[in-house]
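Encoded as structure tokens, the structure appears first; notes follow it.
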Amino acid sequence: MALALRVARFAAVPTNCWPRDRRRLLHLCSSDNRPKTFCSRNFSTKPEAAAPAQIKRNVAAEITSVGKVIYETGWDANKPLDKPQIQPTSSDSSPPPPKKPDDEKRKDLDTLKSKRDQMRDNMQDYIFTRYFNYVKNYDKVLEKNFPKAMQLYRVFFDGVKDFFGDMKRFLKIARIANDSPQGIRALNRQELELYMQMPRDMMKVAPALIGCSLPMVGYAFFPLVFWYPRSFLTAHFWTSQQRSEFQSYYMKRRLGNNKDVFRCLQAKLKATASHPKNSAFADILGQLGSGTHPTPEMLIDVKDIFADGPYSLLGMSRKHVRNLVNLHGLPSSIFKRHRLHEHAFLVHYMDQAITREGGVHNLTPEALRYSCYLRGLNPESLTSEAMIEWLRKWVKVSTSIQGEHITLFLHLPILLGYNHPNNWKTIYGKCPT
């Protein structure tokens, strides 16, 4: 039955289409990708109808490929395509092609841009140069319009610069004194002077520097500081005239305590009646009362009387200690005896440093003046020879005593300078008769 139906189906196909359909059938049967089964739909389609569809697919593919190329190359209808440049090989000896007009235009644009940038830079340099010159010379303009204000400003600026320079040196010296096995003895004379003076200056000038640095208070505090420079400022901020005036002022205040200290020495003389050097020290006090001074040898001979008793540092009365503090120009505080002890040893180490550095005669005139001022002698109008002679007596006594004779050292301004003409003139305005 099935065979009869298959024969009838083949019989219904026209005879003229058999060879063509047979070739198609053989092609389908020989293909490995398609199944080897027969389908009536394959026989019913006509090969002539498939040709136009194949043509449409090829045209669409070509249009798609062309569009892809245009998209990748970025071709524009208004801009012609640039032909690829062929790099010349080493074997090709022909000269390079001339530059195109586009390159020349680009070069002209770059040149114009560089000139514009150069002109702008020159203008900026000119403006900034003029501005900086104006700022640099602005102090001259202010000095012309406000001479007194600019003078105070320069004095304050130079003073701050000197002050901070000495403060840096002081910190370095303090580090050396703390780290060295010898301690303060490892410092020279100038370092010892700065080590002794700088803490006082720092405490004195700190309120002025803090007040002037405040935003609104500084405008009112700055004139006040320069209105009272002796009270708020130190020698770093003083002019040469102010230094001379203030030094004379402080010297007169210090020498005004000479008589009080001398009276304290006389008052305690009876308390040392049992001491073997009592009579010798009484002669020294008699010389001071008569207008003369004892020799260094006489002072060294009676040094033991200052080791114990009423002339020792712990045995002196409060009035005696207060007068000594004022005599040496030390700041008043609760620990007055400690300040006297520290001051005496620092000056003693300075005397030892002077001896190590070659003696008093090697000091400069300025160092001679400061050394006399520090030890209680007014150096005003004194020659260098007179200052050297007086300092040699001081150093001879200072280097011949020990630590237990510290009060003898503290009384040296009286024992060696009480009747000096300069000191007497500073206190009473005339020389002793």
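Starting from 1 in every chain, residues are counted up; chains themselves are A, B, ... following the order of the structure tokens, and ligands are numbered from 1 as listed.
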Taking 5 positions as the minimum chain separation for residues in the same chain, which residues sit within 12 Å of Pro365 (chain A) when counting only C-alpha atoms? Answer as number ranges by chain. A: 360, 370-372, 379-380, 382-388
Generate a file of the selected residues that holds C-alpha atoms, formatted as a compact mmCIF listing (two decimals), in the first residue's frame.
# COMPACT_ATOMS: atom_id res chain seq x y z
CA VAL A 360 92.59 91.55 80.64
CA TYR A 370 81.07 95.99 79.64
CA SER A 371 83.31 94.09 82.08
CA CYS A 372 83.73 97.17 84.27
CA PRO A 379 83.42 103.07 82.69
CA GLU A 380 82.27 106.44 81.37
CA LEU A 382 87.73 106.12 81.54
CA THR A 383 90.76 105.25 79.44
CA SER A 384 91.56 101.69 78.47
CA GLU A 385 94.63 101.68 80.73
CA ALA A 386 92.57 102.70 83.75
CA MET A 387 89.98 100.00 83.08
CA ILE A 388 92.67 97.36 82.56
Would you list the contacts of Pro296 (chain A) as a list in words, taking every protein, DNA or RNA residue within 10 Å and counting only C-alpha atoms, but skipping same-chain residues closer than 6 positions in sequence? Arg392, Lys393, Trp394, Val395, Lys396, Val397, Ser398, Ser400, Leu415 and Leu416 of chain A
How would the residues just picked look written out with N, CA, C and O atoms as a PDB file, in the first residue's frame?
ATOM      1  N   ARG A 392      92.419  94.120  86.476  1.00  0.00           N
ATOM      2  CA  ARG A 392      93.477  93.199  86.908  1.00  0.00           C
ATOM      3  C   ARG A 392      93.407  92.952  88.414  1.00  0.00           C
ATOM      4  O   ARG A 392      93.601  91.807  88.873  1.00  0.00           O
ATOM      5  N   LYS A 393      93.114  93.974  89.187  1.00  0.00           N
ATOM      6  CA  LYS A 393      92.957  93.793  90.628  1.00  0.00           C
ATOM      7  C   LYS A 393      91.780  92.881  90.916  1.00  0.00           C
ATOM      8  O   LYS A 393      91.846  91.991  91.781  1.00  0.00           O
ATOM      9  N   TRP A 394      90.699  93.095  90.201  1.00  0.00           N
ATOM     10  CA  TRP A 394      89.505  92.254  90.406  1.00  0.00           C
ATOM     11  C   TRP A 394      89.801  90.795  90.072  1.00  0.00           C
ATOM     12  O   TRP A 394      89.469  89.894  90.860  1.00  0.00           O
ATOM     13  N   VAL A 395      90.398  90.558  88.934  1.00  0.00           N
ATOM     14  CA  VAL A 395      90.655  89.189  88.501  1.00  0.00           C
ATOM     15  C   VAL A 395      91.646  88.502  89.438  1.00  0.00           C
ATOM     16  O   VAL A 395      91.539  87.291  89.713  1.00  0.00           O
ATOM     17  N   LYS A 396      92.584  89.241  89.960  1.00  0.00           N
ATOM     18  CA  LYS A 396      93.564  88.639  90.869  1.00  0.00           C
ATOM     19  C   LYS A 396      92.898  88.134  92.137  1.00  0.00           C
ATOM     20  O   LYS A 396      93.200  87.032  92.621  1.00  0.00           O
ATOM     21  N   VAL A 397      91.966  88.922  92.680  1.00  0.00           N
ATOM     22  CA  VAL A 397      91.245  88.475  93.878  1.00  0.00           C
ATOM     23  C   VAL A 397      90.275  87.354  93.528  1.00  0.00           C
ATOM     24  O   VAL A 397      90.136  86.372  94.273  1.00  0.00           O
ATOM     25  N   SER A 398      89.590  87.476  92.390  1.00  0.00           N
ATOM     26  CA  SER A 398      88.569  86.499  92.018  1.00  0.00           C
ATOM     27  C   SER A 398      89.157  85.122  91.775  1.00  0.00           C
ATOM     28  O   SER A 398      88.551  84.111  92.155  1.00  0.00           O
ATOM     29  N   SER A 400      91.731  83.867  93.160  1.00  0.00           N
ATOM     30  CA  SER A 400      92.495  83.401  94.320  1.00  0.00           C
ATOM     31  C   SER A 400      91.604  82.926  95.453  1.00  0.00           C
ATOM     32  O   SER A 400      92.124  82.546  96.523  1.00  0.00           O
ATOM     33  N   LEU A 415      84.727  96.897  98.043  1.00  0.00           N
ATOM     34  CA  LEU A 415      86.102  96.836  98.513  1.00  0.00           C
ATOM     35  C   LEU A 415      87.100  97.385  97.495  1.00  0.00           C
ATOM     36  O   LEU A 415      88.193  97.818  97.885  1.00  0.00           O
ATOM     37  N   LEU A 416      86.739  97.377  96.176  1.00  0.00           N
ATOM     38  CA  LEU A 416      87.657  97.873  95.144  1.00  0.00           C
ATOM     39  C   LEU A 416      87.154  99.123  94.425  1.00  0.00           C
ATOM     40  O   LEU A 416      87.947  99.747  93.709  1.00  0.00           O
TER      41      LEU A 416
END
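Between CA of Lys319 (chain A) and CA of Arg230 (chain A) the separation is 26.9 Å.
If you look at CA of Leu224 (chain A) and CA of Val205 (chain A), they are 13.2 Å away from each other.
Near region 263-268 of chain A, within 8 Å and counting only C-alpha atoms, sit Leu285, Pro310, Tyr311 and His320 of chain A; same-chain residues fewer than 5 positions away were not included.
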Keeping N, CA, C and O atoms for every residue in the selection just given, could you write it to a file as a PDB file, in the first residue's frame?
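Produced file out-v8.pdb, reproduced below:
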ATOM      1  N   LEU A 285      88.231  98.305 106.419  1.00  0.00           N
ATOM      2  CA  LEU A 285      87.050  99.176 106.484  1.00  0.00           C
ATOM      3  C   LEU A 285      87.456 100.612 106.822  1.00  0.00           C
ATOM      4  O   LEU A 285      86.826 101.571 106.348  1.00  0.00           O
ATOM      5  N   PRO A 310      78.616  86.212 110.417  1.00  0.00           N
ATOM      6  CA  PRO A 310      77.609  87.150 109.879  1.00  0.00           C
ATOM      7  C   PRO A 310      77.892  87.612 108.454  1.00  0.00           C
ATOM      8  O   PRO A 310      77.024  88.195 107.817  1.00  0.00           O
ATOM      9  N   TYR A 311      79.106  87.328 107.944  1.00  0.00           N
ATOM     10  CA  TYR A 311      79.420  87.738 106.583  1.00  0.00           C
ATOM     11  C   TYR A 311      79.226  86.609 105.555  1.00  0.00           C
ATOM     12  O   TYR A 311      79.460  86.818 104.355  1.00  0.00           O
ATOM     13  N   HIS A 320      70.841  93.209 104.398  1.00  0.00           N
ATOM     14  CA  HIS A 320      72.156  93.095 103.747  1.00  0.00           C
ATOM     15  C   HIS A 320      72.029  92.385 102.401  1.00  0.00           C
ATOM     16  O   HIS A 320      72.624  92.802 101.402  1.00  0.00           O
TER      17      HIS A 320
END
In region 165-221 of chain A, DSSP alpha helix (DSSP H) residues written as a PyMOL selection string: chain A and resi 165-179+189-213+217-221
